[in-house]
Every structure is written in structure tokens, then in C-alpha cells.
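**Student:** Mind having a look at this structure? Questions to follow.
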Amino acid sequence: MSDEDSTILPADGFAANSSEADSGPARILVVEDESIIRIDIVESLRGFGYDVVGEAADGESAVAMATELRPDLVVMDVKMPKMDGISAAEKLHQGRIAPVLLLTAFSQKELVERASEAGVVAYIVKPFTPADLLPAVEIALSRGAELRALEAEVADMSERFETRKIVDIAKGILNEKMGLTEPEAFRWIQKASMDRRLTMKDVAMTIIDQLGAKQ
């Protein structure tokens, strides 16, 4: 590895992007056909400081509202009238409209795989508490930002998928070695990429080479 590569890991550790801090609260659309659960979710999100820009009770309305509002995240139940949450998530993913955090009463492998194929960035299993919801939302927002960043950096879909896998490995190493959360680890990689004028894949590979070998 060259001397230039060896300087990629900042000595001062993680620093959040100032642009993110100045961008205001994340805008979230909540989609849940059971009104009591929907109200609880909305109140919890607003209590955490998020901007709930809309509410819907079925998948078709979710797609229409998300297309109009362009939220940063859609928090959506799986089982709903007219269109289920995974089908709605797939439409939102294909249209590059918004990432989806899926609410489900089940965590079977088949459901998780189908949700992943539909572009769902994270899911949370019911019943959950407000304390469970916050980290799930933070992870979903981070993964949504990651997908947008990778789309801007890598045009080819298969190459983007490969890059995402490498970045995920690097995030895991940063979590273990530096104690960073998943969102912090991604922003760390993104900042290093911008500072060094390297691709995120290059940064991730350097992290794997430098820190992964020490595991």
C-alpha cells in the first residue's frame, strides 16, 4: 500500500458533515392502516424532532403522496388495503422517490428477502416501542442517503451493488474498531471520499486493508 493510501484514515476520528447538520429535520411520510398505531408513530417521530409531512392508510395513497411530497423516508406497514407495503416500496424504489422503513409483524427470511429485493432499506418488527423506532429510523435514513450517494457515484447497477457490499463491510469494521454507529460510519466514509477525492469504494477497500487485517 502506498504512503498516500496510508493517510486515508483521519487521525481526528469521525466528524459529521456540516451540510447535514444544517439541512433541517428529516421529512417523513407515515403509512399505516391502523389509525391508533399511525398516531403513535407520528407522535413519536415528532417527539424525536422529525418533520412528519404526511400520513396515508394504504399502499396506493402512499405511492401517490410520496411522489408528490418527496420525503426523506417512508415509514410503512406491510399489510395494507389496495397495495401491500412491499409492492408500494418497490414502486418507490424503482422511481427513486424515497427509501422505505418497513413495519412488519413477521421477520421470516422470505419476507426479508422480498423486502430487500423491493428496495426496502430497513425494517422493524411489531410490536415496538418509541425507543426501538428511533434507531431504526436513523439507520433507514442513513441507508437511504448511502443509496443516493452511490447512485450519484456509480452509474452501473451491478457495480453499485458490489460497491455497497464493500462499503457495508467497511462500516462494520469502523463500528468494531472505532465504535461508530452505522450512520456515523457511512458519513465517515463519505467525508473521507470527498476529502481525498477518492471513490467510496476506494475508501472502503483501504479501511478493509488497513483495519480489517488487524482483526
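Please note that chains go A, B, ... in the order of the C-alpha cells, that every chain numbers its residues from 1, and that ligands are numbered from 1 in the order shown.
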Using DSSP secondary structure from the backbone, list all alpha helix (DSSP H) positions within region 59-165 of chain A, as an NGL selection string.

**Tutor:** :A and (59-69 or 85-94 or 109-117 or 130-153 or 157-165)

**Student:** Run DSSP on the backbone and give me the residues of region 21-160 of chain A it puts in strand (DSSP E), as a PyMOL selection string.

**Tutor:** chain A and resi 27-31+51-56+73-77+100-104+122-125

**Student:** Can you work out which one of A:Gly144, A:Pro71, A:Pro127, A:Gly119 has the shortest atom-to-atom distance to Gln94 (chain A), counting only C-alpha atoms?

**Tutor:**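 Of all the options, A:Gly119 lies closest to Gln94 (chain A).
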
**Student:** Using only C-alpha atoms, determine which residues lie at most 7 Å from region 74-83 of chain A, disregarding the query and same-chain residues fewer than 2 positions distant; provide the list as a PyMOL selection string.

**Tutor:** chain A and resi 28-33+58-60+71+85-88+98-104

**Student:** Which residue out of A:Leu198, A:Met205, A:Leu141, A:Ala105 has the minimum interatomic distance to Glu184 (chain A) when only C-alpha atoms are used?

**Tutor:**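 Closest to Glu184 (chain A), using only C-alpha atoms: A:Leu141.
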
**Student:** Can you tell me which residues surround Ile189 (chain A) at a distance of at most 8 Å, considering only C-alpha atoms, apart from same-chain residues fewer than 5 positions away, and format the answer as an MDAnalysis selection string?

**Tutor:** chainID A and resid 200 203:204

**Student:** Report as a ChimeraX atom specification all protein, DNA and RNA residues lying within 10 Å of Ala131 (chain A), evaluated on only C-alpha atoms, omitting residues in the same chain fewer than 3 positions from it.

**Tutor:** /A:44,48,128,134-136

**Student:** Residues within 9 Å of Leu133 (chain A), please, as a CSV table (one decimal) with all heavy atoms, in the first residue's frame. Count only C-alpha atoms; anything in the same chain fewer than 3 positions from it doesn't count.

**Tutor:**
```
chain,number,residue,atom,x,y,z
A,41,ILE,N,-47.0,6.4,16.0
A,41,ILE,CA,-45.8,6.6,15.2
A,41,ILE,C,-45.5,8.1,14.9
A,41,ILE,O,-44.4,8.6,15.1
A,41,ILE,CB,-45.9,5.8,13.9
A,41,ILE,CG1,-45.9,4.3,14.3
A,41,ILE,CG2,-44.7,6.1,13.0
A,41,ILE,CD1,-46.2,3.4,13.1
A,44,SER,N,-44.5,9.9,18.0
A,44,SER,CA,-43.1,9.5,18.4
A,44,SER,C,-42.1,10.2,17.5
A,44,SER,O,-41.1,10.8,18.0
A,44,SER,CB,-42.9,8.0,18.3
A,44,SER,OG,-43.7,7.3,19.3
A,45,LEU,N,-42.3,10.2,16.2
A,45,LEU,CA,-41.4,10.8,15.3
A,45,LEU,C,-41.3,12.3,15.5
A,45,LEU,O,-40.2,12.9,15.5
A,45,LEU,CB,-41.8,10.5,13.8
A,45,LEU,CG,-41.7,9.1,13.4
A,45,LEU,CD1,-42.3,8.9,12.0
A,45,LEU,CD2,-40.3,8.6,13.4
A,124,ILE,N,-38.6,-3.0,10.9
A,124,ILE,CA,-38.7,-3.1,12.3
A,124,ILE,C,-39.9,-4.0,12.6
A,124,ILE,O,-40.9,-3.9,12.0
A,124,ILE,CB,-38.8,-1.7,13.0
A,124,ILE,CG1,-38.9,-1.9,14.5
A,124,ILE,CG2,-40.1,-1.0,12.5
A,124,ILE,CD1,-38.8,-0.5,15.3
A,128,PHE,N,-43.3,-2.7,18.7
A,128,PHE,CA,-42.1,-2.0,19.0
A,128,PHE,C,-42.4,-0.8,19.8
A,128,PHE,O,-43.5,-0.3,19.8
A,128,PHE,CB,-41.3,-1.6,17.7
A,128,PHE,CG,-42.1,-0.8,16.8
A,128,PHE,CD1,-42.3,0.6,16.9
A,128,PHE,CD2,-42.8,-1.4,15.7
A,128,PHE,CE1,-43.1,1.3,16.0
A,128,PHE,CE2,-43.6,-0.7,14.8
A,128,PHE,CZ,-43.7,0.7,15.0
A,129,THR,N,-41.4,-0.3,20.5
A,129,THR,CA,-41.6,0.9,21.4
A,129,THR,C,-41.0,2.1,20.7
A,129,THR,O,-40.2,2.0,19.7
A,129,THR,CB,-40.8,0.7,22.7
A,129,THR,OG1,-39.4,0.7,22.5
A,129,THR,CG2,-41.3,-0.6,23.4
A,130,PRO,N,-41.3,3.3,21.1
A,130,PRO,CA,-40.6,4.5,20.6
A,130,PRO,C,-39.1,4.4,20.6
A,130,PRO,O,-38.4,4.9,19.7
A,130,PRO,CB,-41.2,5.7,21.4
A,130,PRO,CG,-42.5,5.2,21.9
A,130,PRO,CD,-42.4,3.7,22.1
A,136,ALA,N,-34.1,2.6,14.3
A,136,ALA,CA,-34.5,2.0,13.0
A,136,ALA,C,-34.6,3.2,12.0
A,136,ALA,O,-34.2,3.0,10.9
A,136,ALA,CB,-35.8,1.3,13.2
A,137,VAL,N,-35.2,4.3,12.4
A,137,VAL,CA,-35.3,5.4,11.5
A,137,VAL,C,-34.0,6.0,11.1
A,137,VAL,O,-33.7,6.3,10.0
A,137,VAL,CB,-36.2,6.5,12.2
A,137,VAL,CG1,-36.1,7.8,11.4
A,137,VAL,CG2,-37.7,6.0,12.3
A,138,GLU,N,-33.1,6.1,12.1
A,138,GLU,CA,-31.8,6.6,11.8
A,138,GLU,C,-31.0,5.8,10.9
A,138,GLU,O,-30.3,6.3,9.9
A,138,GLU,CB,-31.0,6.8,13.1
A,138,GLU,CG,-31.5,7.9,14.1
A,138,GLU,CD,-30.7,8.0,15.3
A,138,GLU,OE1,-30.1,7.0,15.7
A,138,GLU,OE2,-30.7,9.1,16.0
```

**Student:** What's the 8 Å shell around Pro183 (chain A), counting only C-alpha atoms, without same-chain residues fewer than 3 positions away, as a PyMOL selection string?

**Tutor:** chain A and resi 138-139+142-143+180+186-187
